[in-house]
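What follows is a single structure, written as structure tokens, with notes after it.
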Amino acid sequence: MSDVEEAVTRAHREEWARVVAALTRRFGDLDIAEEAAAEAFATAVERWPADGVPPNPGGWLTTTANRKAIDRIRRENKRDGKHKEAQMVYDDDPPEPVSAIDDDRLRLIFTCCHPALAIETRVALTLRMVGGLTLPEIARAFLVAESAMGQRITRAKAKIKAARIPYRVPSAEDLPGRVSGVLAVLYLVFNEGYLATGPGTDPLRHDLTAEAIRLTRLIRTLLPDDGEVAGLLALMLLTEARRTARISAGGELVTLDEQDRGAWDTALIAEGHRLVRERLAAGVAPGRYQILAAINAVHTSARDIRDTDWSQVVALYDQLVRLDPSPIIALNRAVAVAELDGPQVALAAVEQLAGDLAGYHAYHATRADLLRRLGRGEESRAAYDRAMELAGNTAETAALARRRAELP
Amino acid sequence: MKYLVSVIDDKTDPGSTDRQPAISAFNRRLIAEGYWVFAGGLADTDSATVIDNRGEQPVFSDGPFVESKEYLAGVWVWEAPDLDVALKLAAEASKVCDRKIEVRPFQ
């Protein structure tokens, strides 16, 4: 890649959200902001090789995008023969004092993750407006036709405008709930990358996990005191650190107990551990992402699976169950219980969840594994079959098939 | 910005019938805080009549234009600065009415 291409790529990564956010604030219209930002980057691709990279690429891009937006508004005014008021996501609050929270990008994120939009729409809109992913990239990530994804984003922008979804950081009173909505969107993007669904896709989508981490880092710079933001970032880093060990050369999903721990990314682990320690030191009751991060910190602290502090893992799951008594958390707790109290105790706990999780592949996979360890081969085989029927991830299906074939 | 706020009831699982005093108190608050434009409860859907005069003669038909389990039980029109304000009020309205609420902006 040439220096100029690299500069354009870096500017896109670093400045896209800032340009879109500033334009949305100025013109009160996501559509105009998105289009003008895209045009400004296209102009940079054309001009920078000849003119050289400007000393302040972000400033150049914002100025160029502003000009493009004004051109478009003038064109439309002429066509419509009337003054067009940019009146959609307006904000009539007086400018707030400059602080970490006073960043247009934060407004942009909260608007894209507004609870009045469907969750798939929030994900798509965030990846487009904040992440700067193109429509084909987003469509491919979620195995949706490009036209359908385009319609989803267009409809969302139209709803934001028509229903007047505000362009602002929520009030202190609403902030925790709205931040957790934003984190849910980012976690969904990450998980789709970490355990991609669908037969035609790579089992791991590094583009999606990397994008989720990048956006979570951005939120962290904007909301540095939020414990759950730090927790989610730590959780993502400690999960991403194991990425290369997670798929075998043969394309099978490798579970934690069989992973080559030497292949884990030590820099990501160190950063994740630092965040977890920071949260522990804060002395504030942790939320679910912080507890999940702590569980992953325990796993990534063990050089060998046998060194894992399982009682600590179970204790953290107990804490999580009190916060979120969902059957999926209980299932994950049972996996740790198997290591601490043996497969018999764990199986009893797992089978209590049959009613809730009969349609969930991980329930059958966990049960199959426990039955295998208890020497109940016939039942284990049937459970693997059911798990394979329900699993959507190609690498996971391959791993299940191998384990089933290895049964005596 | 004006929003049409619809109160939705369910024929198979209707909301409680003792809500009028609470709704009246809520309305007084909407008026005092400047959100209230209009409100009205609707008679039963059986009392509706549909008129179609797109052809040569008007055709009247008895009953609502669509039969459904869920139906419109009443409406408000609110004036609110943005959707967040409308949704917050609608969340209260849902509790007050013991029914689902739809918020839809006017053009």
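Residue numbering restarts at 1 for every chain of the structure tokens, chains are lettered A, B, ... in their displayed order, and ligands are numbered from 1 as they appear.
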Mind dumping a table of every chain B residue within 10 Å of chain A, with the nearest atom pair and its distance in Å to one decimal, using only C-alpha atoms, sorted by chain and rising number, as JSON lines?
```
{"residue": "B:Met1", "atom": "CA", "partner": "A:Arg164", "partner_atom": "CA", "distance": 7.8}
{"residue": "B:Lys2", "atom": "CA", "partner": "A:Ala163", "partner_atom": "CA", "distance": 9.3}
{"residue": "B:Tyr3", "atom": "CA", "partner": "A:Ala163", "partner_atom": "CA", "distance": 8.2}
{"residue": "B:Ala80", "atom": "CA", "partner": "A:Arg164", "partner_atom": "CA", "distance": 9.8}
{"residue": "B:Pro81", "atom": "CA", "partner": "A:Arg164", "partner_atom": "CA", "distance": 8.2}
{"residue": "B:Asp82", "atom": "CA", "partner": "A:Arg164", "partner_atom": "CA", "distance": 5.3}
{"residue": "B:Leu83", "atom": "CA", "partner": "A:Ile165", "partner_atom": "CA", "distance": 5.1}
{"residue": "B:Asp84", "atom": "CA", "partner": "A:Ile165", "partner_atom": "CA", "distance": 6.7}
{"residue": "B:Val85", "atom": "CA", "partner": "A:Pro166", "partner_atom": "CA", "distance": 9.5}
{"residue": "B:Ala86", "atom": "CA", "partner": "A:Ala163", "partner_atom": "CA", "distance": 9.7}
{"residue": "B:Leu87", "atom": "CA", "partner": "A:Ala116", "partner_atom": "CA", "distance": 8.7}
{"residue": "B:Val103", "atom": "CA", "partner": "A:Ala163", "partner_atom": "CA", "distance": 8.9}
{"residue": "B:Arg104", "atom": "CA", "partner": "A:Ala163", "partner_atom": "CA", "distance": 7.0}
{"residue": "B:Pro105", "atom": "CA", "partner": "A:Ala163", "partner_atom": "CA", "distance": 5.1}
{"residue": "B:Phe106", "atom": "CA", "partner": "A:Ala162", "partner_atom": "CA", "distance": 8.0}
{"residue": "B:Gln107", "atom": "CA", "partner": "A:Ala162", "partner_atom": "CA", "distance": 6.9}
```
Exercise for the section: Check the DSSP output for the backbone and give back, as a VMD selection string, the residues of chain B in strand (DSSP E or B). Expected result: chain B and resid 2 to 10 36 to 41 49 to 52 59 to 62 70 to 79 100 to 105
Exercise for the section: Provide the CA of Asp356 (chain A) to CA of Arg322 (chain A) distance in Å, to one decimal place. Expected result: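 CA of Asp356 (chain A) sits 18.0 Å away from CA of Arg322 (chain A).
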Exercise for the section: Determine the nearest neighbour of Asp46 (chain B) from the options B:Asn27, B:Ser6, B:Ser68, B:Thr17, counting only C-alpha atoms. Expected result: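 Selected residue with least distance to Asp46 (chain B): B:Ser68.
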Handout entry: For Asp13 (chain B), the nearest of the candidates B:Val77, B:Ala48, B:Lys69, B:Ile31, counting only C-alpha atoms
Key = B:Lys69
Exercise for the section: Using only C-alpha atoms, determine which residues lie at most 10 Å from region 328-330 of chain A, disregarding the query and same-chain residues fewer than 6 positions distant; provide the list as a PyMOL selection string. Expected result: chain A and resi 317-318+320-321+349-350+352-353+356-357+360+362-363
Keeping C-alpha atoms, export the residues of the selection given above as a short mmCIF file (atom, residue, chain, number, x, y, z; two decimals), in the first residue's frame.
```
data_model
loop_
_atom_site.label_atom_id
_atom_site.label_comp_id
_atom_site.auth_asym_id
_atom_site.auth_seq_id
_atom_site.Cartn_x
_atom_site.Cartn_y
_atom_site.Cartn_z
CA TYR A 317 -20.99 -17.24 37.69
CA ASP A 318 -22.92 -17.27 40.98
CA LEU A 320 -23.72 -13.30 37.42
CA VAL A 321 -26.74 -15.54 38.05
CA ALA A 349 -27.86 -28.88 36.74
CA VAL A 350 -27.91 -28.91 32.92
CA GLN A 352 -32.96 -28.81 34.81
CA LEU A 353 -32.68 -26.36 31.90
CA ASP A 356 -35.93 -23.50 28.42
CA LEU A 357 -33.05 -24.54 26.20
CA TYR A 360 -30.37 -24.16 21.81
CA ALA A 362 -25.06 -25.33 23.21
CA TYR A 363 -27.44 -27.05 25.64
#
```
Exercise for the section: Name the residues in contact with Ala368 (chain A) at a cut-off of 10 Å, using only C-alpha atoms, excluding same-chain residues fewer than 6 positions from it; report them as a PyMOL selection string. Expected result: chain A and resi 347+362+374+376-387+400+403-404
Write the residues you've just listed into a file as a compact mmCIF listing (two decimals), in the first residue's frame, and include N, CA and C atoms for each of them.
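Just written: again.txt:
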```txt
# COMPACT_ATOMS: atom_id res chain seq x y z
N LEU A 347 -24.32 -32.41 35.15
CA LEU A 347 -25.40 -32.94 34.29
C LEU A 347 -26.77 -32.71 34.92
N ALA A 362 -26.07 -25.19 22.16
CA ALA A 362 -25.06 -25.33 23.21
C ALA A 362 -25.57 -26.19 24.38
N LEU A 374 -19.30 -39.33 31.36
CA LEU A 374 -19.88 -40.29 32.30
C LEU A 374 -19.98 -41.69 31.68
N ARG A 376 -21.75 -42.59 29.13
CA ARG A 376 -23.10 -42.93 28.62
C ARG A 376 -23.14 -42.63 27.11
N GLY A 377 -22.43 -43.48 26.35
CA GLY A 377 -22.16 -43.25 24.92
C GLY A 377 -23.40 -43.09 24.06
N GLU A 378 -24.36 -43.97 24.26
CA GLU A 378 -25.57 -43.97 23.42
C GLU A 378 -26.32 -42.63 23.55
N GLU A 379 -26.52 -42.20 24.78
CA GLU A 379 -27.23 -40.94 25.03
C GLU A 379 -26.40 -39.75 24.53
N SER A 380 -25.08 -39.88 24.69
CA SER A 380 -24.20 -38.81 24.24
C SER A 380 -24.31 -38.62 22.73
N ARG A 381 -24.31 -39.75 22.00
CA ARG A 381 -24.43 -39.71 20.54
C ARG A 381 -25.70 -38.96 20.12
N ALA A 382 -26.81 -39.30 20.77
CA ALA A 382 -28.09 -38.67 20.42
C ALA A 382 -28.03 -37.16 20.69
N ALA A 383 -27.37 -36.80 21.79
CA ALA A 383 -27.29 -35.37 22.13
C ALA A 383 -26.40 -34.62 21.12
N TYR A 384 -25.29 -35.26 20.69
CA TYR A 384 -24.45 -34.63 19.65
C TYR A 384 -25.26 -34.43 18.37
N ASP A 385 -26.06 -35.43 18.01
CA ASP A 385 -26.88 -35.31 16.79
C ASP A 385 -27.78 -34.08 16.86
N ARG A 386 -28.41 -33.94 18.01
CA ARG A 386 -29.33 -32.81 18.18
C ARG A 386 -28.56 -31.48 18.11
N ALA A 387 -27.38 -31.45 18.75
CA ALA A 387 -26.56 -30.23 18.75
C ALA A 387 -26.15 -29.86 17.33
N LEU A 400 -18.22 -30.85 16.60
CA LEU A 400 -19.21 -31.75 17.21
C LEU A 400 -19.18 -33.11 16.50
N ARG A 403 -16.18 -35.15 17.69
CA ARG A 403 -16.36 -35.69 19.05
C ARG A 403 -17.35 -36.86 19.03
N ARG A 404 -18.36 -36.72 18.23
CA ARG A 404 -19.34 -37.80 18.14
C ARG A 404 -18.67 -39.05 17.58
```
Problem - Picked from chain B by DSSP as alpha helix (DSSP H), as an MDAnalysis selection string - result: chainID B and resid 20:32 83:97
Could you save the residues just selected, with N, CA and C atoms, as a PDB file, in the first residue's frame?
```
ATOM      1  N   GLN B  20     -60.266   5.231  34.619  1.00  0.00           N
ATOM      2  CA  GLN B  20     -60.665   6.598  34.280  1.00  0.00           C
ATOM      3  C   GLN B  20     -60.131   7.666  35.232  1.00  0.00           C
ATOM      4  N   PRO B  21     -60.205   7.481  36.554  1.00  0.00           N
ATOM      5  CA  PRO B  21     -59.675   8.533  37.441  1.00  0.00           C
ATOM      6  C   PRO B  21     -58.179   8.790  37.187  1.00  0.00           C
ATOM      7  N   ALA B  22     -57.420   7.733  37.007  1.00  0.00           N
ATOM      8  CA  ALA B  22     -55.979   7.894  36.765  1.00  0.00           C
ATOM      9  C   ALA B  22     -55.727   8.590  35.434  1.00  0.00           C
ATOM     10  N   ILE B  23     -56.525   8.236  34.411  1.00  0.00           N
ATOM     11  CA  ILE B  23     -56.367   8.867  33.095  1.00  0.00           C
ATOM     12  C   ILE B  23     -56.697  10.365  33.184  1.00  0.00           C
ATOM     13  N   SER B  24     -57.745  10.696  33.938  1.00  0.00           N
ATOM     14  CA  SER B  24     -58.124  12.111  34.085  1.00  0.00           C
ATOM     15  C   SER B  24     -56.994  12.891  34.757  1.00  0.00           C
ATOM     16  N   ALA B  25     -56.394  12.302  35.787  1.00  0.00           N
ATOM     17  CA  ALA B  25     -55.290  12.969  36.477  1.00  0.00           C
ATOM     18  C   ALA B  25     -54.102  13.156  35.529  1.00  0.00           C
ATOM     19  N   PHE B  26     -53.830  12.122  34.730  1.00  0.00           N
ATOM     20  CA  PHE B  26     -52.730  12.185  33.759  1.00  0.00           C
ATOM     21  C   PHE B  26     -52.998  13.285  32.728  1.00  0.00           C
ATOM     22  N   ASN B  27     -54.259  13.371  32.276  1.00  0.00           N
ATOM     23  CA  ASN B  27     -54.637  14.415  31.310  1.00  0.00           C
ATOM     24  C   ASN B  27     -54.422  15.809  31.881  1.00  0.00           C
ATOM     25  N   ARG B  28     -54.770  15.975  33.153  1.00  0.00           N
ATOM     26  CA  ARG B  28     -54.583  17.300  33.776  1.00  0.00           C
ATOM     27  C   ARG B  28     -53.099  17.667  33.756  1.00  0.00           C
ATOM     28  N   ARG B  29     -52.271  16.671  33.998  1.00  0.00           N
ATOM     29  CA  ARG B  29     -50.830  16.922  33.988  1.00  0.00           C
ATOM     30  C   ARG B  29     -50.337  17.263  32.578  1.00  0.00           C
ATOM     31  N   LEU B  30     -50.840  16.509  31.573  1.00  0.00           N
ATOM     32  CA  LEU B  30     -50.446  16.792  30.186  1.00  0.00           C
ATOM     33  C   LEU B  30     -50.804  18.231  29.812  1.00  0.00           C
ATOM     34  N   ILE B  31     -51.989  18.685  30.276  1.00  0.00           N
ATOM     35  CA  ILE B  31     -52.429  20.055  29.972  1.00  0.00           C
ATOM     36  C   ILE B  31     -51.517  21.054  30.679  1.00  0.00           C
ATOM     37  N   ALA B  32     -51.260  20.796  31.971  1.00  0.00           N
ATOM     38  CA  ALA B  32     -50.453  21.738  32.764  1.00  0.00           C
ATOM     39  C   ALA B  32     -49.037  21.860  32.197  1.00  0.00           C
ATOM     40  N   LEU B  83     -38.973  12.692  20.026  1.00  0.00           N
ATOM     41  CA  LEU B  83     -39.508  11.363  20.313  1.00  0.00           C
ATOM     42  C   LEU B  83     -39.176  10.899  21.730  1.00  0.00           C
ATOM     43  N   ASP B  84     -38.019  11.282  22.251  1.00  0.00           N
ATOM     44  CA  ASP B  84     -37.670  10.849  23.613  1.00  0.00           C
ATOM     45  C   ASP B  84     -38.703  11.334  24.626  1.00  0.00           C
ATOM     46  N   VAL B  85     -39.123  12.582  24.472  1.00  0.00           N
ATOM     47  CA  VAL B  85     -40.123  13.143  25.386  1.00  0.00           C
ATOM     48  C   VAL B  85     -41.440  12.393  25.202  1.00  0.00           C
ATOM     49  N   ALA B  86     -41.830  12.167  23.938  1.00  0.00           N
ATOM     50  CA  ALA B  86     -43.090  11.468  23.659  1.00  0.00           C
ATOM     51  C   ALA B  86     -43.059  10.037  24.209  1.00  0.00           C
ATOM     52  N   LEU B  87     -41.932   9.372  24.074  1.00  0.00           N
ATOM     53  CA  LEU B  87     -41.848   7.979  24.531  1.00  0.00           C
ATOM     54  C   LEU B  87     -41.896   7.892  26.055  1.00  0.00           C
ATOM     55  N   LYS B  88     -41.308   8.859  26.698  1.00  0.00           N
ATOM     56  CA  LYS B  88     -41.332   8.861  28.165  1.00  0.00           C
ATOM     57  C   LYS B  88     -42.772   9.035  28.656  1.00  0.00           C
ATOM     58  N   LEU B  89     -43.500   9.965  28.034  1.00  0.00           N
ATOM     59  CA  LEU B  89     -44.907  10.167  28.398  1.00  0.00           C
ATOM     60  C   LEU B  89     -45.726   8.923  28.059  1.00  0.00           C
ATOM     61  N   ALA B  90     -45.400   8.311  26.909  1.00  0.00           N
ATOM     62  CA  ALA B  90     -46.158   7.133  26.474  1.00  0.00           C
ATOM     63  C   ALA B  90     -45.955   5.965  27.432  1.00  0.00           C
ATOM     64  N   ALA B  91     -44.752   5.864  27.992  1.00  0.00           N
ATOM     65  CA  ALA B  91     -44.492   4.799  28.964  1.00  0.00           C
ATOM     66  C   ALA B  91     -45.382   4.988  30.184  1.00  0.00           C
ATOM     67  N   GLU B  92     -45.545   6.252  30.605  1.00  0.00           N
ATOM     68  CA  GLU B  92     -46.453   6.531  31.725  1.00  0.00           C
ATOM     69  C   GLU B  92     -47.894   6.248  31.329  1.00  0.00           C
ATOM     70  N   ALA B  93     -48.254   6.650  30.105  1.00  0.00           N
ATOM     71  CA  ALA B  93     -49.624   6.473  29.631  1.00  0.00           C
ATOM     72  C   ALA B  93     -50.003   4.993  29.615  1.00  0.00           C
ATOM     73  N   SER B  94     -49.059   4.147  29.234  1.00  0.00           N
ATOM     74  CA  SER B  94     -49.321   2.720  29.176  1.00  0.00           C
ATOM     75  C   SER B  94     -49.658   2.169  30.564  1.00  0.00           C
ATOM     76  N   LYS B  95     -48.924   2.635  31.568  1.00  0.00           N
ATOM     77  CA  LYS B  95     -49.215   2.230  32.958  1.00  0.00           C
ATOM     78  C   LYS B  95     -50.584   2.762  33.386  1.00  0.00           C
ATOM     79  N   VAL B  96     -50.797   4.061  33.104  1.00  0.00           N
ATOM     80  CA  VAL B  96     -52.032   4.718  33.536  1.00  0.00           C
ATOM     81  C   VAL B  96     -53.253   4.043  32.912  1.00  0.00           C
ATOM     82  N   CYS B  97     -53.169   3.698  31.618  1.00  0.00           N
ATOM     83  CA  CYS B  97     -54.313   3.106  30.907  1.00  0.00           C
ATOM     84  C   CYS B  97     -54.365   1.587  31.083  1.00  0.00           C
TER      85      CYS B  97
END
```
Problem - Residue with smallest distance to Thr63 (chain A) - pool A:Thr43, A:Thr134, A:Ser311, A:Asn77, counting only C-alpha atoms - result: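 Using only C-alpha atoms, Thr63 (chain A) sits closest to A:Thr43.
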